[in-house]
file model15.csv (CSV, C-alpha atoms and all ligand atoms)
chain,number,residue,atom,x,y,z
P,1,MET,CA,-1.7,-8.4,-13.9
P,2,THR,CA,1.0,-5.8,-14.5
P,3,LEU,CA,4.1,-4.5,-12.9
P,4,PRO,CA,4.1,-1.0,-11.3
P,5,TYR,CA,6.7,0.3,-13.8
P,6,ALA,CA,6.4,1.8,-17.2
P,7,GLU,CA,7.5,-0.2,-20.2
P,8,PRO,CA,9.9,-1.0,-21.7
P,9,LEU,CA,11.7,-2.9,-19.0
P,10,THR,CA,15.0,-4.5,-20.1
P,11,VAL,CA,16.2,-8.0,-19.2
P,12,ILE,CA,19.4,-8.1,-17.3
P,13,ASP,CA,21.8,-11.0,-16.7
P,14,PRO,CA,21.7,-12.8,-13.3
P,15,ALA,CA,24.5,-11.9,-10.9
P,16,GLU,CA,27.4,-14.2,-10.3
P,17,LEU,CA,26.8,-17.3,-8.2
P,18,VAL,CA,27.5,-16.9,-4.4
P,19,ILE,CA,28.6,-20.4,-3.2
P,20,PRO,CA,28.7,-21.1,-0.4
P,21,GLU,CA,25.8,-18.8,0.5
P,22,PRO,CA,26.3,-16.6,3.5
P,23,PRO,CA,24.6,-17.6,6.8
P,24,ARG,CA,21.1,-16.4,7.3
P,25,ARG,CA,19.9,-14.8,10.6
P,26,GLY,CA,19.6,-17.6,13.1
P,27,GLU,CA,22.2,-19.8,11.4
P,28,GLU,CA,25.7,-20.5,12.8
P,29,GLY,CA,27.9,-17.5,11.9
P,30,GLY,CA,24.9,-15.4,11.0
P,31,ALA,CA,23.1,-12.6,12.9
P,32,PRO,CA,21.0,-13.6,15.9
P,33,CYS,CA,17.6,-15.1,15.2
P,34,PHE,CA,14.9,-12.4,15.3
P,35,PRO,CA,11.8,-14.5,16.4
P,36,CYS,CA,13.9,-16.1,19.2
P,37,ASP,CA,14.8,-12.6,20.5
P,38,GLU,CA,12.5,-11.1,23.1
P,39,GLY,CA,12.5,-7.9,20.9
P,40,SER,CA,10.2,-9.6,18.4
P,41,ASP,CA,7.4,-9.5,21.0
P,42,ALA,CA,7.1,-5.7,20.3
P,43,ASN,CA,5.0,-6.4,17.2
P,44,LEU,CA,3.2,-9.5,18.6
P,45,ILE,CA,-0.5,-9.4,18.1
P,46,TRP,CA,-1.7,-13.0,18.9
P,47,SER,CA,-0.3,-16.3,19.9
P,48,ASP,CA,-1.2,-19.9,20.9
P,49,ALA,CA,0.8,-22.9,22.0
P,50,HIS,CA,2.6,-23.3,18.7
P,51,TRP,CA,2.4,-20.0,16.8
P,52,THR,CA,2.9,-16.3,17.2
P,53,LEU,CA,1.4,-13.6,14.8
P,54,HIS,CA,3.1,-10.3,14.2
P,55,ASN,CA,2.6,-7.0,12.6
P,56,PRO,CA,5.2,-6.0,10.0
P,57,GLY,CA,7.6,-3.2,10.7
P,58,ARG,CA,6.7,-1.6,7.4
P,59,THR,CA,4.1,-2.3,4.8
P,60,GLY,CA,2.2,-0.5,2.0
P,61,LEU,CA,-0.5,-3.1,2.3
P,62,PRO,CA,-2.1,-2.9,5.8
P,63,GLY,CA,-3.4,-6.3,6.9
P,64,SER,CA,-0.1,-7.9,6.1
P,65,VAL,CA,1.1,-10.1,9.0
P,66,TRP,CA,3.7,-12.8,9.6
P,67,LEU,CA,3.2,-16.0,11.4
P,68,ALA,CA,6.1,-17.7,13.2
P,69,SER,CA,6.6,-20.9,15.0
P,70,ARG,CA,7.3,-20.7,18.8
P,71,VAL,CA,10.1,-23.2,18.5
P,72,HIS,CA,13.1,-22.6,16.3
P,73,PHE,CA,13.3,-24.7,13.2
P,74,ASP,CA,13.9,-23.7,9.6
P,75,SER,CA,11.4,-25.0,7.2
P,76,PHE,CA,8.7,-27.6,6.4
P,77,ALA,CA,11.6,-30.2,6.1
P,78,ASP,CA,12.4,-30.1,9.8
P,79,MET,CA,9.0,-28.9,11.2
P,80,PRO,CA,8.1,-31.0,14.3
P,81,ALA,CA,5.1,-33.2,13.7
P,82,GLU,CA,3.1,-31.7,16.6
P,83,VAL,CA,3.6,-28.2,15.0
P,84,ALA,CA,2.9,-29.5,11.5
P,85,SER,CA,-0.5,-30.9,12.7
P,86,THR,CA,-1.7,-27.4,13.6
P,87,PHE,CA,-0.3,-25.4,10.6
P,88,ALA,CA,-3.2,-25.6,8.2
P,89,GLY,CA,-5.7,-24.7,11.0
P,90,VAL,CA,-3.8,-21.6,12.1
P,91,CYS,CA,-3.4,-20.5,8.5
P,92,GLY,CA,-7.1,-20.8,8.1
P,93,LEU,CA,-7.7,-18.6,11.2
P,94,VAL,CA,-5.3,-16.0,9.9
P,95,GLU,CA,-6.7,-16.0,6.4
P,96,ARG,CA,-10.3,-15.5,7.8
P,97,ALA,CA,-9.2,-12.8,10.1
P,98,VAL,CA,-7.5,-10.8,7.3
P,99,LEU,CA,-10.5,-11.4,5.0
P,100,ALA,CA,-12.7,-10.0,7.8
P,101,LEU,CA,-11.0,-6.6,7.4
P,102,GLY,CA,-13.2,-6.1,4.3
P,103,ASP,CA,-12.2,-5.0,0.8
P,104,VAL,CA,-9.8,-7.8,0.5
P,105,GLY,CA,-9.8,-9.7,-2.8
P,106,ARG,CA,-7.5,-12.6,-1.9
P,107,VAL,CA,-5.1,-13.3,1.0
P,108,HIS,CA,-1.7,-14.6,-0.4
P,109,LEU,CA,0.5,-16.8,1.7
P,110,TYR,CA,4.3,-16.5,1.1
P,111,ARG,CA,7.1,-18.5,2.5
P,112,TRP,CA,10.4,-17.0,1.4
P,113,GLY,CA,13.0,-18.2,3.9
P,114,ASP,CA,16.0,-16.3,2.4
P,115,GLY,CA,16.3,-13.8,5.3
P,116,GLY,CA,16.0,-15.8,8.5
P,117,ALA,CA,16.3,-19.5,9.5
P,118,HIS,CA,13.3,-19.4,11.8
P,119,PHE,CA,10.1,-20.8,10.2
P,120,HIS,CA,7.7,-18.0,9.3
P,121,VAL,CA,5.2,-17.2,6.6
P,122,TRP,CA,3.7,-14.0,5.4
P,123,PHE,CA,0.0,-13.3,4.8
P,124,VAL,CA,-0.5,-10.4,2.4
P,125,PRO,CA,-4.0,-9.1,1.3
P,126,ARG,CA,-4.6,-8.1,-2.3
P,127,PRO,CA,-7.0,-5.2,-2.2
P,128,LEU,CA,-10.4,-6.0,-3.6
P,129,GLY,CA,-10.7,-5.2,-7.3
P,130,ARG,CA,-6.9,-4.7,-7.8
P,131,LEU,CA,-6.6,-7.3,-10.5
P,132,ASP,CA,-3.5,-5.5,-11.8
P,133,MET,CA,-1.8,-6.6,-8.5
P,134,SER,CA,-2.7,-10.2,-8.9
P,135,GLY,CA,-0.4,-13.1,-8.2
P,136,PRO,CA,3.4,-12.6,-7.9
P,137,TYR,CA,3.2,-8.9,-8.9
P,138,LEU,CA,1.5,-8.0,-5.6
P,139,MET,CA,4.9,-7.7,-3.8
P,140,ALA,CA,6.2,-5.5,-6.6
P,141,TRP,CA,3.3,-3.2,-6.0
P,142,GLU,CA,3.8,-3.4,-2.3
P,143,ASP,CA,7.4,-2.3,-2.8
P,144,VAL,CA,6.3,1.0,-4.4
P,145,ALA,CA,3.2,1.7,-2.3
P,146,THR,CA,3.0,4.5,0.2
P,147,PRO,CA,4.0,2.9,3.6
P,148,ALA,CA,1.2,2.8,6.1
P,149,SER,CA,1.8,4.7,9.3
P,150,ASP,CA,2.7,2.9,12.5
P,151,ALA,CA,-0.7,3.8,13.9
P,152,GLN,CA,-2.5,2.3,10.8
P,153,ILE,CA,-0.5,-0.9,11.1
P,154,ALA,CA,-1.2,-1.2,14.8
P,155,GLU,CA,-5.0,-0.5,14.3
P,156,VAL,CA,-5.3,-3.1,11.6
P,157,GLY,CA,-3.3,-5.6,13.6
P,158,HIS,CA,-5.6,-5.1,16.5
P,159,ARG,CA,-8.6,-5.9,14.3
P,160,ILE,CA,-6.9,-9.1,13.0
P,161,ALA,CA,-6.0,-10.2,16.5
P,162,ALA,CA,-9.6,-9.6,17.7
P,163,ALA,CA,-10.9,-11.9,14.8
P,164,MET,CA,-8.5,-14.8,15.6
P,201,ZN,ZN,14.7,-18.7,16.1

call {"tool": "encode", "arguments": {"input": "model15.csv", "output": "structure tokens"}}
result
Amino acid sequence: MTLPYAEPLTVIDPAELVIPEPPRRGEEGGAPCFPCDEGSDANLIWSDAHWTLHNPGRTGLPGSVWLASRVHFDSFADMPAEVASTFAGVCGLVERAVLALGDVGRVHLYRWGDGGAHFHVWFVPRPLGRLDMSGPYLMAWEDVATPASDAQIAEVGHRIAAAM
């Protein structure tokens, strides 16, 4: 795997610590929670009793989708037991649906949690044969990839929803 940048890269020092950290979206004092806002339904492609699946607003890797819980909680640490009991199953459904698009080498599942305080995970397909984009470098490549059009994102999302 390689980064999508020419060598030599130079090492920089980390920034100053920011403590206390500022509130995230959905936390007291932060911006409103996006998944709890009705506006998040605009990119909804599938849902069941516990989960909603959404197209990204922008991606250079069509087939990327994000899965959110219906109820507001932050992370695995406070995930209600009845929601937790369905998590692995729904992840399997999403992974199979993204793989069914074809020409997908692997489907990576990311849980970052730095932006918003409403539980959500990302599924991101690594294109088949793109071993240079393996592992954690996939998102660096996504960052420099040509963004897919809104129509491409919608069409791929429709295929994923149909396979769920
Ligand atoms: Zn929320």

call {"tool": "residues_near_ligand", "arguments": {"input": "model15.csv", "ligand": "ligand ZN 201 (chain P)", "cutoff": "10 Å", "atoms": "only C-alpha atoms and all ligand atoms", "output": "mmCIF file with C-alpha atoms, in the coordinates of the input"}}
result
data_model
loop_
_atom_site.group_PDB
_atom_site.id
_atom_site.type_symbol
_atom_site.label_atom_id
_atom_site.label_comp_id
_atom_site.auth_asym_id
_atom_site.auth_seq_id
_atom_site.Cartn_x
_atom_site.Cartn_y
_atom_site.Cartn_z
ATOM 1 C CA ARG P 25 19.900 -14.800 10.600
ATOM 2 C CA GLY P 26 19.600 -17.600 13.100
ATOM 3 C CA GLU P 27 22.200 -19.800 11.400
ATOM 4 C CA PRO P 32 21.000 -13.600 15.900
ATOM 5 C CA CYS P 33 17.600 -15.100 15.200
ATOM 6 C CA PHE P 34 14.900 -12.400 15.300
ATOM 7 C CA PRO P 35 11.800 -14.500 16.400
ATOM 8 C CA CYS P 36 13.900 -16.100 19.200
ATOM 9 C CA ASP P 37 14.800 -12.600 20.500
ATOM 10 C CA ALA P 68 6.100 -17.700 13.200
ATOM 11 C CA SER P 69 6.600 -20.900 15.000
ATOM 12 C CA ARG P 70 7.300 -20.700 18.800
ATOM 13 C CA VAL P 71 10.100 -23.200 18.500
ATOM 14 C CA HIS P 72 13.100 -22.600 16.300
ATOM 15 C CA PHE P 73 13.300 -24.700 13.200
ATOM 16 C CA ASP P 74 13.900 -23.700 9.600
ATOM 17 C CA GLY P 116 16.000 -15.800 8.500
ATOM 18 C CA ALA P 117 16.300 -19.500 9.500
ATOM 19 C CA HIS P 118 13.300 -19.400 11.800
ATOM 20 C CA PHE P 119 10.100 -20.800 10.200
ATOM 21 C CA HIS P 120 7.700 -18.000 9.300
#

call {"tool": "atom_distance", "arguments": {"input": "model15.csv", "atom1": "atom CA of Arg111 of chain P", "atom2": "atom CA of Gly39 of chain P"}}
result
21.9 Å

call {"tool": "atom_distance", "arguments": {"input": "model15.csv", "atom1": "atom CA of Glu7 of chain P", "atom2": "atom CA of Asp143 of chain P"}}
result
17.5 Å

call {"tool": "atom_distance", "arguments": {"input": "model15.csv", "atom1": "atom CA of Arg96 of chain P", "atom2": "atom CA of Glu155 of chain P"}}
result
17.2 Å

call {"tool": "residues_around", "arguments": {"input": "model15.csv", "residues": "Pro136 of chain P", "least_positions_apart": "4", "cutoff": "10 Å", "atoms": "only C-alpha atoms", "output": "NGL selection string"}}
result
:P and (1-3 or 108 or 110 or 140-141)

call {"tool": "residues_around", "arguments": {"input": "model15.csv", "residues": "Leu61 of chain P", "least_positions_apart": "4", "cutoff": "9 Å", "atoms": "only C-alpha atoms", "output": "ChimeraX atom specification"}}
result
/P:124-127,142,145-148

call {"tool": "closest_residue", "arguments": {"input": "model15.csv", "among": "P:Ala97, P:Pro14, P:Leu67, P:His50", "to": "Val83 of chain P", "atoms": "all atoms listed in the file"}}
result
P:His50

call {"tool": "residues_around", "arguments": {"input": "model15.csv", "residues": "Asp150 of chain P", "least_positions_apart": "2", "cutoff": "10 Å", "atoms": "all atoms listed in the file", "output": "VMD selection string"}}
result
chain P and resid 55 to 59 147 to 148 152 to 155

call {"tool": "closest_residue", "arguments": {"input": "model15.csv", "among": "P:Asp114, P:Glu16, P:Glu82, P:Asp103", "to": "Trp51 of chain P", "atoms": "only C-alpha atoms"}}
result
P:Glu82

call {"tool": "residues_around", "arguments": {"input": "model15.csv", "residues": "Gly92 of chain P", "least_positions_apart": "3", "cutoff": "12 Å", "atoms": "all atoms listed in the file", "output": "list in words"}}
result
Leu67, Thr86, Phe87, Ala88, Gly89, Glu95, Arg96, Ala97, Val98, Leu99, Val107, His108, Leu109, Phe123, Ala163 and Met164 of chain P

call {"tool": "residues_around", "arguments": {"input": "model15.csv", "residues": "Trp66 of chain P", "least_positions_apart": "4", "cutoff": "6 Å", "atoms": "all atoms listed in the file", "output": "PDB file with C-alpha atoms, keeping the file's coordinate frame"}}
result
ATOM      1  CA  LEU P  53       1.400 -13.600  14.800  1.00  0.00           C
ATOM      2  CA  HIS P  54       3.100 -10.300  14.200  1.00  0.00           C
ATOM      3  CA  VAL P 121       5.200 -17.200   6.600  1.00  0.00           C
ATOM      4  CA  TRP P 122       3.700 -14.000   5.400  1.00  0.00           C
TER       5      TRP P 122
END

call {"tool": "closest_residue", "arguments": {"input": "model15.csv", "among": "P:Leu101, P:Leu128, P:Met133, P:Ala161", "to": "Trp46 of chain P", "atoms": "all atoms listed in the file"}}
result
P:Ala161

call {"tool": "decode", "arguments": {"input": "model15.csv", "residues": "segment 102-120 of chain P", "atoms": "N, CA and C atoms", "output": "compact mmCIF listing (two decimals), in the first residue's frame"}}
result
# COMPACT_ATOMS: atom_id res chain seq x y z
N GLY P 102 -20.05 -5.45 -7.46
CA GLY P 102 -19.02 -5.97 -8.37
C GLY P 102 -17.78 -5.10 -8.37
N ASP P 103 -16.66 -5.71 -8.75
CA ASP P 103 -15.38 -5.00 -8.81
C ASP P 103 -15.01 -4.34 -7.49
N VAL P 104 -15.39 -5.00 -6.39
CA VAL P 104 -15.03 -4.54 -5.05
C VAL P 104 -14.08 -5.57 -4.44
N GLY P 105 -12.86 -5.11 -4.04
CA GLY P 105 -11.89 -6.03 -3.45
C GLY P 105 -12.23 -6.37 -2.01
N ARG P 106 -12.47 -5.34 -1.22
CA ARG P 106 -12.84 -5.48 0.19
C ARG P 106 -13.80 -4.36 0.54
N VAL P 107 -14.62 -4.59 1.56
CA VAL P 107 -15.46 -3.52 2.11
C VAL P 107 -14.93 -3.21 3.51
N HIS P 108 -14.43 -2.00 3.68
CA HIS P 108 -13.90 -1.59 4.98
C HIS P 108 -14.99 -0.92 5.80
N LEU P 109 -14.98 -1.18 7.10
CA LEU P 109 -15.94 -0.60 8.02
C LEU P 109 -15.19 0.32 8.98
N TYR P 110 -15.58 1.59 8.98
CA TYR P 110 -14.92 2.57 9.83
C TYR P 110 -15.90 3.12 10.84
N ARG P 111 -15.43 3.30 12.05
CA ARG P 111 -16.19 4.01 13.06
C ARG P 111 -15.26 5.07 13.62
N TRP P 112 -15.47 6.35 13.20
CA TRP P 112 -14.60 7.43 13.63
C TRP P 112 -15.16 8.09 14.88
N GLY P 113 -16.33 8.73 14.76
CA GLY P 113 -16.97 9.30 15.94
C GLY P 113 -16.46 10.66 16.38
N ASP P 114 -15.52 11.25 15.63
CA ASP P 114 -15.01 12.56 16.04
C ASP P 114 -15.93 13.70 15.62
N GLY P 115 -16.76 13.49 14.60
CA GLY P 115 -17.58 14.59 14.09
C GLY P 115 -18.91 14.74 14.80
N GLY P 116 -19.62 13.66 14.96
CA GLY P 116 -20.95 13.70 15.55
C GLY P 116 -21.09 12.66 16.64
N ALA P 117 -22.01 12.96 17.58
CA ALA P 117 -22.20 12.10 18.75
C ALA P 117 -23.39 11.15 18.58
N HIS P 118 -23.77 10.87 17.34
CA HIS P 118 -24.85 9.92 17.06
C HIS P 118 -24.21 8.72 16.39
N PHE P 119 -24.43 7.52 16.93
CA PHE P 119 -23.71 6.34 16.46
C PHE P 119 -23.89 6.13 14.96
N HIS P 120 -22.79 6.02 14.26
CA HIS P 120 -22.82 5.71 12.83
C HIS P 120 -21.49 5.09 12.43
